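The next block is protein_39.csv, given as CSV, C-alpha atoms.
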```
chain,number,residue,atom,x,y,z
A,30,MET,CA,-20.0,62.1,-57.3
A,31,ILE,CA,-23.6,60.8,-56.8
A,32,ASP,CA,-24.0,60.3,-60.6
A,33,HIS,CA,-20.8,58.3,-60.6
A,34,LEU,CA,-22.0,56.1,-57.7
A,35,LEU,CA,-25.4,55.6,-59.5
A,36,LEU,CA,-23.5,54.6,-62.7
A,37,ILE,CA,-21.5,52.0,-60.7
A,38,ALA,CA,-24.6,50.8,-58.9
A,39,THR,CA,-26.4,50.4,-62.3
A,40,ILE,CA,-23.5,48.4,-63.8
A,41,LEU,CA,-23.5,46.1,-60.8
A,42,ALA,CA,-27.3,45.8,-61.0
A,43,VAL,CA,-27.0,44.6,-64.6
A,44,LEU,CA,-24.4,42.1,-63.7
A,45,GLY,CA,-26.2,40.9,-60.5
A,46,SER,CA,-29.5,40.6,-62.3
A,47,GLY,CA,-27.9,38.7,-65.2
A,48,LEU,CA,-26.2,36.3,-62.8
A,49,ILE,CA,-29.4,35.6,-61.0
A,50,ALA,CA,-31.3,35.2,-64.3
A,51,GLY,CA,-28.6,32.7,-65.3
A,52,ALA,CA,-28.8,30.7,-62.1
A,53,PHE,CA,-32.6,30.5,-62.2
A,54,PHE,CA,-32.6,29.8,-65.9
A,55,ALA,CA,-30.2,26.9,-65.3
A,56,PHE,CA,-32.7,25.4,-63.0
A,57,ALA,CA,-35.5,25.8,-65.6
A,58,ALA,CA,-33.4,24.5,-68.5
A,59,PHE,CA,-31.7,21.4,-67.1
A,60,VAL,CA,-31.7,21.0,-63.3
A,61,LEU,CA,-35.4,20.5,-62.8
A,62,PRO,CA,-35.9,18.5,-66.0
A,63,ALA,CA,-33.0,16.2,-64.9
A,64,MET,CA,-34.4,15.9,-61.4
A,65,SER,CA,-37.8,14.9,-62.8
A,66,ARG,CA,-36.1,11.8,-64.1
A,67,LEU,CA,-35.1,10.8,-60.6
A,68,SER,CA,-37.2,8.7,-58.2
A,69,ALA,CA,-39.0,10.8,-55.5
A,70,PRO,CA,-36.6,9.9,-52.7
A,71,SER,CA,-33.5,10.7,-54.9
A,72,GLY,CA,-35.1,13.9,-56.2
A,73,ILE,CA,-36.1,15.1,-52.7
A,74,SER,CA,-32.6,14.4,-51.4
A,75,ALA,CA,-30.9,16.1,-54.3
A,76,MET,CA,-33.0,19.2,-54.1
A,77,GLN,CA,-32.6,19.4,-50.3
A,78,SER,CA,-28.9,19.3,-50.9
A,79,ILE,CA,-29.0,22.1,-53.5
A,80,ILE,CA,-31.2,24.2,-51.2
A,81,ALA,CA,-28.6,23.8,-48.4
A,82,ALA,CA,-25.7,24.7,-50.8
A,83,ILE,CA,-27.4,27.8,-52.3
A,84,LYS,CA,-27.4,29.3,-48.8
A,85,GLY,CA,-23.7,29.9,-49.2
A,86,PRO,CA,-22.2,33.4,-49.2
A,87,LEU,CA,-21.5,33.7,-52.9
A,88,PHE,CA,-25.1,33.3,-54.1
A,89,LEU,CA,-26.5,35.2,-51.1
A,90,VAL,CA,-24.3,38.2,-51.7
A,91,VAL,CA,-25.3,38.4,-55.4
A,92,PHE,CA,-29.0,37.8,-54.7
A,93,PHE,CA,-29.4,40.2,-51.7
A,94,GLY,CA,-26.8,42.7,-53.0
A,95,THR,CA,-28.6,43.0,-56.3
A,96,ALA,CA,-31.9,43.6,-54.3
A,97,ALA,CA,-30.2,46.3,-52.3
A,98,LEU,CA,-28.9,48.0,-55.5
A,99,ALA,CA,-32.3,47.7,-57.1
A,100,GLY,CA,-33.8,49.4,-54.0
A,101,VAL,CA,-31.3,52.3,-54.1
A,102,LEU,CA,-31.8,52.7,-57.9
A,103,GLY,CA,-35.6,52.6,-57.5
A,104,LEU,CA,-35.4,55.4,-54.9
A,105,ALA,CA,-33.0,57.4,-57.1
A,106,ALA,CA,-35.1,57.1,-60.3
A,107,PRO,CA,-37.8,59.6,-59.3
A,108,LEU,CA,-35.1,62.0,-58.1
A,109,LYS,CA,-33.6,61.9,-61.6
A,110,TRP,CA,-37.0,61.7,-63.4
A,111,GLY,CA,-36.2,64.4,-66.0
A,112,GLU,CA,-33.0,62.6,-67.0
A,113,PRO,CA,-32.5,59.9,-69.6
A,114,GLY,CA,-32.6,56.4,-68.2
A,115,ALA,CA,-34.7,57.2,-65.1
A,116,PHE,CA,-37.7,55.3,-66.2
A,117,SER,CA,-35.6,52.3,-67.1
A,118,LEU,CA,-34.0,52.4,-63.7
A,119,LEU,CA,-37.4,52.3,-62.1
A,120,ILE,CA,-38.6,49.4,-64.3
A,121,GLY,CA,-35.4,47.4,-63.6
A,122,SER,CA,-35.9,48.0,-59.9
A,123,LEU,CA,-39.5,47.0,-59.8
A,124,LEU,CA,-38.8,43.9,-61.9
A,125,TYR,CA,-36.0,42.7,-59.7
A,126,LEU,CA,-37.6,43.5,-56.4
A,127,ASN,CA,-41.0,42.0,-57.3
A,128,LEU,CA,-40.1,39.0,-59.4
A,129,PRO,CA,-36.8,37.2,-58.6
A,130,PHE,CA,-36.6,38.7,-55.1
A,131,GLY,CA,-40.3,39.0,-54.1
A,132,VAL,CA,-41.3,35.6,-55.6
A,133,THR,CA,-38.4,33.9,-54.0
A,134,LEU,CA,-39.5,35.2,-50.6
A,135,MET,CA,-43.2,34.7,-51.0
A,136,LYS,CA,-43.3,31.5,-53.1
A,137,ASN,CA,-40.1,29.5,-53.4
A,138,LEU,CA,-38.8,29.8,-49.9
A,139,PRO,CA,-42.1,28.5,-48.4
A,140,LEU,CA,-42.0,25.6,-50.9
A,141,ASN,CA,-38.4,25.0,-49.8
A,142,ALA,CA,-39.5,24.8,-46.2
A,143,LYS,CA,-42.1,22.2,-47.1
A,144,LEU,CA,-39.5,20.2,-49.0
A,145,ALA,CA,-37.1,20.4,-46.0
A,146,ALA,CA,-39.8,18.7,-43.9
A,147,MET,CA,-40.3,15.8,-46.4
A,148,LYS,CA,-38.7,12.5,-45.6
A,149,PRO,CA,-37.2,11.2,-48.9
A,150,GLY,CA,-38.4,7.7,-48.3
A,151,GLY,CA,-41.7,8.7,-46.7
A,152,LYS,CA,-45.2,7.6,-47.8
A,153,GLN,CA,-46.1,11.1,-49.1
A,154,GLY,CA,-42.7,11.6,-50.8
A,155,GLY,CA,-43.9,10.8,-54.4
A,156,LEU,CA,-46.9,13.1,-54.4
A,157,GLY,CA,-45.2,15.8,-52.4
A,158,TRP,CA,-42.2,15.7,-54.8
A,159,SER,CA,-44.4,16.0,-57.8
A,160,GLU,CA,-46.4,18.9,-56.4
A,161,PHE,CA,-43.2,20.6,-55.3
A,162,ARG,CA,-41.6,20.3,-58.7
A,163,ALA,CA,-44.7,21.7,-60.5
A,164,ALA,CA,-45.2,24.7,-58.2
A,165,TRP,CA,-41.5,25.5,-57.6
A,166,GLY,CA,-40.8,25.2,-61.4
A,167,LEU,CA,-43.6,27.6,-62.3
A,168,TRP,CA,-42.4,30.3,-59.8
A,169,ASN,CA,-38.8,29.7,-60.9
A,170,HIS,CA,-39.8,30.6,-64.5
A,171,VAL,CA,-41.3,33.9,-63.2
A,172,ARG,CA,-38.0,34.5,-61.3
A,173,TRP,CA,-35.6,34.0,-64.2
A,174,ILE,CA,-37.7,36.0,-66.7
A,175,GLY,CA,-38.0,38.8,-64.1
A,176,ALA,CA,-34.3,38.8,-63.5
A,177,LEU,CA,-33.6,38.9,-67.2
A,178,GLY,CA,-36.0,41.7,-67.7
A,179,ALA,CA,-34.4,43.6,-64.8
A,180,ALA,CA,-31.0,43.2,-66.4
A,181,ALA,CA,-32.3,44.4,-69.7
A,182,ALA,CA,-33.9,47.5,-68.1
A,183,PHE,CA,-30.8,48.4,-66.1
A,184,ALA,CA,-28.7,48.0,-69.3
A,185,MET,CA,-31.2,50.2,-71.1
A,186,ALA,CA,-30.8,52.8,-68.4
A,187,LEU,CA,-27.0,52.8,-69.0
A,188,ILE,CA,-27.5,53.1,-72.8
A,189,GLU,CA,-30.0,55.9,-72.4
A,190,GLY,CA,-27.8,57.7,-69.9
A,191,GLY,CA,-24.7,57.3,-72.1
A,192,ALA,CA,-26.5,58.7,-75.1
A,193,ALA,CA,-27.4,61.8,-73.1
A,194,VAL,CA,-23.8,62.2,-72.0
A,195,GLY,CA,-22.6,61.8,-75.6
A,196,ALA,CA,-25.1,64.4,-76.8
A,197,HIS,CA,-23.7,67.0,-74.3
A,198,GLU,CA,-20.1,66.6,-75.4
```
Whole structure given in structure tokens:
Amino acid sequence: MIDHLLLIATILAVLGSGLIAGAFFAFAAFVLPAMSRLSAPSGISAMQSIIAAIKGPLFLVVFFGTAALAGVLGLAAPLKWGEPGAFSLLIGSLLYLNLPFGVTLMKNLPLNAKLAAMKPGGKQGGLGWSEFRAAWGLWNHVRWIGALGAAAAFAMALIEGGAAVGAHE
């Protein structure tokens, strides 16, 4: 029963990590480059609107739900240490919890708070917007690469675990 629940949790962790990687990659690939073409007031307003929208339940359930799954799988990995896939579970958990999740909490959210305080038409808007984009963009790259790595590690855990099941049949 526990193994079945861990299998389901791992599948959901692959999907959640992949979705988060895709969302953060979209920002890196085209959202931030497009916003860099906007004037500072327009860019600030647009990003403030995106930040407000991302606080909706759909994104938050996937983002925090995947973190919870990563936590459970990270705790389960040492208990299953002698079994195939345990190391990959641990790596996936560490990647997700430290990079997309941890970096968001420690870096991107404080930057979001600074941006929320900016007045789009204010005197400091241009410099503040430029500094925000550079810092936020850098940490966003760390997040999408970490989420993609976590998805790959969780998928590897499934592959390794499946190979062990097939070998026993």
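Among the candidates A:Gly51, A:Gly157, A:Gly100, A:Gly45, the one nearest to Leu118 (chain A) when counting only C-alpha atoms is A:Gly100.
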Residues within 12 Å of Arg162 (chain A), all atoms listed in the file, excluding chain neighbours under 2 positions, as a PyMOL selection string: chain A and resi 56-57+60-67+69+72-73+76+137+140-141+143-144+154-160+164-170
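Each of A:Thr95, A:Gly111, A:Gly191, A:Ala146 was checked against Ala50 (chain A) using only C-alpha atoms; the smallest atom-to-atom distance is that of A:Thr95.
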Would you compute the distance between CA of Gly114 (chain A) and CA of Ala184 (chain A)? Give it in Å to one decimal.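 Computing the Euclidean distance for CA of Gly114 (chain A) and CA of Ala184 (chain A) yields 9.3 Å.
For the choices A:Pro70, A:Pro107, A:Gly150, A:Pro113, the atom-to-atom distance to Glu189 (chain A) is smallest for A:Pro113 when using all atoms listed in the file.
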